[in-house]
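Undergrad: Encoded as structure tokens, here's the structure I'll be asking about.
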Amino acid sequence: MIFYKSLFKFLLITLLFNITVSSADSMKFSTNTEAPLKVNANSMFIDKVSLEGGLSGSVNINQGPLDLKSDQMSFIFTNNEEMPIITNLFASQNVMISNEDMTASGNNASYSVRKNEILLEGNVVVKNKFTTMRGEKLFIDLETGKINFLSDDKQNNRIRGQLLENDKNQK
């Protein structure tokens, strides 16, 4: 009897570990930092003196499997005469970051192209086929695709959600 209890505990721990690992792996963005930034917007302006620009009207920035969408974006670029390079993007209003199997939405996002990092802030919701998570700040490392919710000590800024949601179509 003791053997069966020990075996049951071992199997339960193994199962819980596998569920935790698979859910952590599923909370990852597919990325390709070597892919070019492709832009699609209704309008664009560039100020070569201040090295700033802006995009508006259903803006979509695509980089490999990753899409960054919002109503408006501004950017900062380098003063390289041969090939100006965007160093930072700032998205606001209806921000959505997505790839094949995961989406993240929020109020504002800042994308450091040099550091390959995105910080999504304000009413952040991350969804994939298994999980829905909510928080106020989400950090995305584009080198690895890993995400990290950031919170502070305030009760209303805690991370909340549901892991391993039931697939409604399976029943």
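As shown in the structure tokens, the chain order sets the letters A, B, ...; within each chain, residues go from 1, and ligands are also counted from 1 in the order they appear.
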Excluding Asn128 in chain A and its own-chain neighbours fewer than 4 positions away, which residues fall within 7 Å of it when counting only C-alpha atoms? Please give them as a PyMOL selection string.
TA: chain A and resi 101-103+132
Undergrad: Within 7 Å of Ser112 in chain A, counting only C-alpha atoms, which residues qualify if same-chain residues fewer than 4 places away don't, as a PyMOL selection string?
TA: chain A and resi 87-89+116-118
Undergrad: When you look at Pro84 in chain A with a cut-off of 12 Å (counting only C-alpha atoms), what residues show up, excluding the ones that are within fewer than 6 positions of it in the same chain? I need them as a short mmCIF file (atom, residue, chain, number, x, y, z; two decimals) with N, CA and C atoms, in the first residue's frame.
TA:
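Printed below is out25.cif as written:
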```
data_model
loop_
_atom_site.label_atom_id
_atom_site.label_comp_id
_atom_site.auth_asym_id
_atom_site.auth_seq_id
_atom_site.Cartn_x
_atom_site.Cartn_y
_atom_site.Cartn_z
N ILE A 46 8.26 62.05 -41.63
CA ILE A 46 9.64 61.92 -41.18
C ILE A 46 10.21 63.31 -40.98
N LYS A 48 13.80 64.79 -40.54
CA LYS A 48 15.22 64.46 -40.59
C LYS A 48 16.05 65.29 -39.62
N LEU A 51 15.23 63.55 -36.20
CA LEU A 51 15.40 62.11 -36.36
C LEU A 51 14.21 61.34 -35.78
N GLU A 52 13.01 61.86 -36.03
CA GLU A 52 11.78 61.24 -35.56
C GLU A 52 10.80 61.11 -36.71
N GLY A 53 9.87 60.20 -36.54
CA GLY A 53 8.83 60.02 -37.54
C GLY A 53 7.60 59.45 -36.90
N PHE A 75 8.47 56.84 -34.13
CA PHE A 75 9.75 56.14 -34.14
C PHE A 75 10.90 57.13 -34.11
N ILE A 76 12.05 56.62 -33.69
CA ILE A 76 13.30 57.36 -33.68
C ILE A 76 14.26 56.59 -34.58
N PHE A 77 15.04 57.31 -35.37
CA PHE A 77 15.97 56.64 -36.26
C PHE A 77 17.35 57.30 -36.21
N THR A 78 18.35 56.61 -36.75
CA THR A 78 19.73 57.09 -36.71
C THR A 78 19.97 58.09 -37.83
#
```
Undergrad: Can you measure CA of Gln93 in chain A to CA of Lys28 in chain A for me? One decimal in Å is fine.
TA: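 Here the two named atoms are 23.5 Å from each other.
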Undergrad: Could you tell me which of A:Ser92, A:Ser151, A:Glu100, A:Ala41 comes closest to Lys129 in chain A if we count only C-alpha atoms?
TA: A:Glu100
Undergrad: One number please: CA of Ala91 in chain A to CA of Pro65 in chain A, in Å, one decimal.
TA: 18.3 Å
Undergrad: Kindly assemble as a tab-separated table a list of the range 63-114 of chain A residues that lie within 10 Å of range 29-40 of chain A, each paired with its nearest atom pair and their distance in Å to one decimal, using only C-alpha atoms, sorted first by chain and then by ascending residue number.
TA:
```
residue	atom	partner	partner_atom	distance
A:Gln63	CA	A:Leu37	CA	4.9
A:Gly64	CA	A:Ala35	CA	5.3
A:Pro65	CA	A:Thr31	CA	5.8
A:Leu66	CA	A:Thr31	CA	5.9
A:Asp67	CA	A:Lys38	CA	9.5
A:Leu68	CA	A:Val39	CA	9.7
A:Lys69	CA	A:Asn40	CA	9.5
A:Ile86	CA	A:Leu37	CA	9.1
A:Ile97	CA	A:Phe29	CA	9.3
A:Ser98	CA	A:Phe29	CA	7.8
A:Asn99	CA	A:Ser30	CA	6.5
A:Glu100	CA	A:Ser30	CA	7.8
A:Asp101	CA	A:Phe29	CA	8.2
A:Met102	CA	A:Phe29	CA	6.7
A:Thr103	CA	A:Phe29	CA	8.5
A:Ala104	CA	A:Phe29	CA	9.6
A:Val113	CA	A:Thr33	CA	8.6
A:Arg114	CA	A:Thr33	CA	9.8
```
Undergrad: With distances taken over only C-alpha atoms, which residue among A:Ser105, A:Ser110, A:Asn79, A:Asn62 lies nearest Ser50 in chain A?
TA: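 With only C-alpha atoms as the atom set, the closest residue is A:Asn79.
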Undergrad: Which of range 16-136 of chain A counts as alpha helix (DSSP H) under DSSP, as a PyMOL selection string please?
TA: chain A and resi 16-26
Undergrad: Using the selection just defined, write its residues with N, CA and C atoms as an mmCIF file, in the first residue's frame.
TA:
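Result file follows (out.cif):
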```
data_model
loop_
_atom_site.group_PDB
_atom_site.id
_atom_site.type_symbol
_atom_site.label_atom_id
_atom_site.label_comp_id
_atom_site.auth_asym_id
_atom_site.auth_seq_id
_atom_site.Cartn_x
_atom_site.Cartn_y
_atom_site.Cartn_z
ATOM 1 N N LEU A 16 2.269 17.179 -12.898
ATOM 2 C CA LEU A 16 2.222 18.618 -12.629
ATOM 3 C C LEU A 16 3.439 19.332 -13.197
ATOM 4 N N PHE A 17 4.606 18.726 -13.101
ATOM 5 C CA PHE A 17 5.817 19.321 -13.659
ATOM 6 C C PHE A 17 5.701 19.438 -15.169
ATOM 7 N N ASN A 18 5.220 18.400 -15.832
ATOM 8 C CA ASN A 18 5.073 18.422 -17.290
ATOM 9 C C ASN A 18 4.048 19.458 -17.729
ATOM 10 N N ILE A 19 2.953 19.602 -16.992
ATOM 11 C CA ILE A 19 1.950 20.611 -17.325
ATOM 12 C C ILE A 19 2.553 22.004 -17.168
ATOM 13 N N THR A 20 3.293 22.229 -16.094
ATOM 14 C CA THR A 20 3.918 23.532 -15.866
ATOM 15 C C THR A 20 4.917 23.850 -16.964
ATOM 16 N N VAL A 21 5.761 22.897 -17.331
ATOM 17 C CA VAL A 21 6.757 23.122 -18.376
ATOM 18 C C VAL A 21 6.071 23.386 -19.706
ATOM 19 N N SER A 22 5.048 22.594 -20.064
ATOM 20 C CA SER A 22 4.393 22.788 -21.360
ATOM 21 C C SER A 22 3.636 24.090 -21.403
ATOM 22 N N SER A 23 3.028 24.522 -20.296
ATOM 23 C CA SER A 23 2.327 25.803 -20.310
ATOM 24 C C SER A 23 3.321 26.957 -20.370
ATOM 25 N N ALA A 24 4.494 26.830 -19.733
ATOM 26 C CA ALA A 24 5.508 27.882 -19.809
ATOM 27 C C ALA A 24 6.052 27.988 -21.227
ATOM 28 N N ASP A 25 6.276 26.847 -21.881
ATOM 29 C CA ASP A 25 6.747 26.867 -23.259
ATOM 30 C C ASP A 25 5.704 27.448 -24.198
ATOM 31 N N SER A 26 4.432 27.263 -23.872
ATOM 32 C CA SER A 26 3.382 27.766 -24.750
ATOM 33 C C SER A 26 3.223 29.272 -24.626
#
```
Undergrad: Report as a count of residues only all protein, DNA and RNA residues lying within 6 Å of Met73 in chain A, evaluated on only C-alpha atoms, omitting residues in the same chain fewer than 6 positions from it.
TA: 4
Undergrad: If you measure from CA of Asn80 in chain A to CA of Phe139 in chain A, what distance in Å do you get, rounded to one decimal?
TA: 29.1 Å
Undergrad: Using the chain letters and numbers from this document, which residues of range 53-154 of chain A does DSSP assign to strand (DSSP E), as a ChimeraX atom specification?
TA: /A:53-63,66-77,86-98,102-112,117-128,132-141,147-150
